[in-house]
Amino acid sequence: MNNISRKNFLNIVKMVLAATGLTALAAPIVAFFYPSNLQETPSEPVDAGPAENLPLNEAITVKFGRYPALIVNTPDGIKAYSSVCTHFACLVKWDKERGEIICPCHDAAFSPKDGSVLGGPAPSGLTVFNVEVKDGHIFVGGAS
């Protein structure tokens with residue numbers, strides 16, 4: 001086995017660390033010029049699963065383009081909203097006990113009927129998405 005001198009060993013370590021540092025700097029630059037092809041909101045309706053799997057006063061979150069959609073089965077029917085709070089872009093959740101869509105970051109509350117603001121610092125309501133139940137499946141988005 002070859003004996004590596006201390007100087008050669010330190011040079012190898014120095015080169016490995018330099019390569020690691022350059023990779024850490026180059027990765028975000030490459031990602032900026034080659035972003036993932038993820039639409040803000042899909043142009044075609046997204047299948048959110050069977051309607052029978054969403055009982056009354058329950059909600060599910062589904063992948064919907066760049067950000068998820070929150071689908072709530074209300075007494076007025078199935079509604080779908082953007083899961084992004086209009087205050088600081090935190091992801092909202094369904095609170096069954098309160099019967100409201102809430103933002104856990106700053107306690108903003110939204111109506112499950114129309115996505116309007118019920119309380120908290122949110123400046124506007126949630127973005128509403130079209131919902132259609134076809135052949136027993138919930139479809140979110142697309143043309144109205």
# chains A, B, ... in the order shown; residues from 1 in each chain; ligands from 1
>>> select_by_dssp(residues="chain A", states="strand (DSSP E or B)", output="PyMOL selection string")
chain A and resi 46-50+59-62+69-74+77-82+84+91+93-95+100-102+109-110+117-119+128-129+131-134+137-140
>>> closest_atom_pairs(of="segment 71-95 of chain A", to="segment 124-128 of chain A", cutoff="9 Å", atoms="only C-alpha atoms", output="CSV")
residue,atom,partner,partner_atom,distance
A:Lys79,CA,A:Val128,CA,8.0
A:Ala80,CA,A:Val128,CA,6.1
A:Tyr81,CA,A:Val128,CA,4.6
A:Ser82,CA,A:Thr127,CA,5.2
A:Ser83,CA,A:Leu126,CA,7.6
A:Val84,CA,A:Leu126,CA,7.3
A:Cys85,CA,A:Leu126,CA,6.7
A:Thr86,CA,A:Ser124,CA,6.1
A:His87,CA,A:Ser124,CA,8.0
>>> write_last_selection(atoms="N, CA and C atoms", output="PDB file, in the first residue's frame")
ATOM      1  N   LYS A  79     -67.094  21.685  -1.754  1.00  0.00           N
ATOM      2  CA  LYS A  79     -66.431  22.938  -2.107  1.00  0.00           C
ATOM      3  C   LYS A  79     -64.924  22.700  -2.159  1.00  0.00           C
ATOM      4  N   ALA A  80     -64.244  23.459  -2.997  1.00  0.00           N
ATOM      5  CA  ALA A  80     -62.781  23.337  -3.105  1.00  0.00           C
ATOM      6  C   ALA A  80     -62.143  24.717  -3.091  1.00  0.00           C
ATOM      7  N   TYR A  81     -61.052  24.827  -2.343  1.00  0.00           N
ATOM      8  CA  TYR A  81     -60.341  26.099  -2.187  1.00  0.00           C
ATOM      9  C   TYR A  81     -58.842  25.855  -2.268  1.00  0.00           C
ATOM     10  N   SER A  82     -58.122  26.923  -2.552  1.00  0.00           N
ATOM     11  CA  SER A  82     -56.669  26.861  -2.455  1.00  0.00           C
ATOM     12  C   SER A  82     -56.308  26.666  -0.985  1.00  0.00           C
ATOM     13  N   SER A  83     -55.320  25.844  -0.730  1.00  0.00           N
ATOM     14  CA  SER A  83     -54.881  25.612   0.650  1.00  0.00           C
ATOM     15  C   SER A  83     -53.914  26.675   1.144  1.00  0.00           C
ATOM     16  N   VAL A  84     -53.696  27.713   0.348  1.00  0.00           N
ATOM     17  CA  VAL A  84     -52.727  28.749   0.702  1.00  0.00           C
ATOM     18  C   VAL A  84     -53.443  29.934   1.339  1.00  0.00           C
ATOM     19  N   CYS A  85     -53.090  30.237   2.585  1.00  0.00           N
ATOM     20  CA  CYS A  85     -53.664  31.377   3.295  1.00  0.00           C
ATOM     21  C   CYS A  85     -53.238  32.674   2.600  1.00  0.00           C
ATOM     22  N   THR A  86     -54.164  33.620   2.534  1.00  0.00           N
ATOM     23  CA  THR A  86     -53.881  34.885   1.863  1.00  0.00           C
ATOM     24  C   THR A  86     -53.096  35.858   2.741  1.00  0.00           C
ATOM     25  N   HIS A  87     -52.794  35.461   3.967  1.00  0.00           N
ATOM     26  CA  HIS A  87     -52.021  36.334   4.863  1.00  0.00           C
ATOM     27  C   HIS A  87     -50.530  36.169   4.616  1.00  0.00           C
TER      28      HIS A  87
END
>>> residues_around(residues="Asp107 of chain A", least_positions_apart="4", cutoff="8 Å", atoms="only C-alpha atoms", output="MDAnalysis selection string")
chainID A and resid 102:103 119:121
>>> write_last_selection(atoms="N, CA and C atoms", output="short mmCIF file (atom, residue, chain, number, x, y, z; two decimals), in the first residue's frame")
data_model
loop_
_atom_site.label_atom_id
_atom_site.label_comp_id
_atom_site.auth_asym_id
_atom_site.auth_seq_id
_atom_site.Cartn_x
_atom_site.Cartn_y
_atom_site.Cartn_z
N ILE A 102 -59.03 26.85 8.90
CA ILE A 102 -58.17 27.72 9.71
C ILE A 102 -56.73 27.69 9.21
N CYS A 103 -56.05 28.79 9.48
CA CYS A 103 -54.62 28.88 9.21
C CYS A 103 -53.91 28.73 10.54
N GLY A 119 -62.25 35.63 10.31
CA GLY A 119 -61.49 36.28 11.37
C GLY A 119 -60.01 36.13 11.14
N GLY A 120 -59.26 36.88 11.91
CA GLY A 120 -57.80 36.81 11.79
C GLY A 120 -57.27 37.83 10.81
N PRO A 121 -55.97 37.77 10.56
CA PRO A 121 -55.31 38.82 9.76
C PRO A 121 -55.38 38.65 8.24
#
>>> atom_distance(atom1="atom CA of Ala122 of chain A", atom2="atom CA of Ala89 of chain A")
9.8 Å
>>> closest_residue(among="A:Ala31, A:Ile60, A:Ala19, A:Ala51", to="Val72 of chain A", atoms="only C-alpha atoms")
A:Ile60
>>> closest_residue(among="A:Lys113, A:Ala18, A:Gly99, A:Ala27", to="Asp76 of chain A", atoms="only C-alpha atoms")
A:Lys113
>>> residues_around(residues="segment 55-57 of chain A", least_positions_apart="4", cutoff="10 Å", atoms="only C-alpha atoms", output="list in words")
Ala51, Val72, Asn73, Thr74, Pro75, Asp76, Gly77, Ile78, Trp94, Asp95, Lys96, Glu97, Gly99, Glu100 and Pro112 of chain A
>>> write_last_selection(atoms="N, CA and C atoms", output="mmCIF file, in the first residue's frame")
data_model
loop_
_atom_site.group_PDB
_atom_site.id
_atom_site.type_symbol
_atom_site.label_atom_id
_atom_site.label_comp_id
_atom_site.auth_asym_id
_atom_site.auth_seq_id
_atom_site.Cartn_x
_atom_site.Cartn_y
_atom_site.Cartn_z
ATOM 1 N N ALA A 51 -66.318 10.338 -4.385
ATOM 2 C CA ALA A 51 -67.101 11.211 -3.510
ATOM 3 C C ALA A 51 -67.532 10.479 -2.243
ATOM 4 N N VAL A 72 -63.773 20.360 0.851
ATOM 5 C CA VAL A 72 -64.608 20.224 2.044
ATOM 6 C C VAL A 72 -66.010 19.803 1.619
ATOM 7 N N ASN A 73 -66.540 18.785 2.280
ATOM 8 C CA ASN A 73 -67.921 18.361 2.031
ATOM 9 C C ASN A 73 -68.814 19.066 3.049
ATOM 10 N N THR A 74 -69.481 20.136 2.618
ATOM 11 C CA THR A 74 -70.339 20.941 3.489
ATOM 12 C C THR A 74 -71.797 20.540 3.278
ATOM 13 N N PRO A 75 -72.698 20.966 4.172
ATOM 14 C CA PRO A 75 -74.124 20.715 3.939
ATOM 15 C C PRO A 75 -74.619 21.353 2.628
ATOM 16 N N ASP A 76 -73.904 22.371 2.129
ATOM 17 C CA ASP A 76 -74.268 23.025 0.870
ATOM 18 C C ASP A 76 -73.635 22.343 -0.341
ATOM 19 N N GLY A 77 -72.901 21.270 -0.133
ATOM 20 C CA GLY A 77 -72.246 20.551 -1.224
ATOM 21 C C GLY A 77 -70.740 20.526 -1.060
ATOM 22 N N ILE A 78 -70.084 19.940 -2.013
ATOM 23 C CA ILE A 78 -68.622 19.826 -1.971
ATOM 24 C C ILE A 78 -68.018 21.120 -2.513
ATOM 25 N N TRP A 94 -58.615 22.063 7.667
ATOM 26 C CA TRP A 94 -60.011 21.984 8.060
ATOM 27 C C TRP A 94 -60.086 21.677 9.549
ATOM 28 N N ASP A 95 -60.848 22.481 10.298
ATOM 29 C CA ASP A 95 -61.071 22.245 11.715
ATOM 30 C C ASP A 95 -62.523 21.818 11.888
ATOM 31 N N LYS A 96 -62.713 20.514 12.055
ATOM 32 C CA LYS A 96 -64.063 19.949 12.139
ATOM 33 C C LYS A 96 -64.819 20.469 13.355
ATOM 34 N N GLU A 97 -64.138 20.626 14.486
ATOM 35 C CA GLU A 97 -64.802 21.084 15.712
ATOM 36 C C GLU A 97 -65.340 22.507 15.544
ATOM 37 N N GLY A 99 -65.803 23.935 12.569
ATOM 38 C CA GLY A 99 -66.547 24.022 11.323
ATOM 39 C C GLY A 99 -66.009 25.111 10.417
ATOM 40 N N GLU A 100 -64.693 25.325 10.487
ATOM 41 C CA GLU A 100 -64.052 26.395 9.730
ATOM 42 C C GLU A 100 -62.747 25.900 9.125
ATOM 43 N N PRO A 112 -66.307 27.719 5.211
ATOM 44 C CA PRO A 112 -66.326 26.581 4.286
ATOM 45 C C PRO A 112 -67.382 26.753 3.188
#
>>> atom_distance(atom1="atom CA of Ser43 of chain A", atom2="atom CA of Arg66 of chain A")
12.2 Å
>>> residues_around(residues="Val62 of chain A", least_positions_apart="3", cutoff="8 Å", atoms="only C-alpha atoms", output="PyMOL selection string")
chain A and resi 48+68-71
>>> select_by_dssp(residues="segment 7-136 of chain A", states="alpha helix (DSSP H)", output="PyMOL selection string")
chain A and resi 7-33
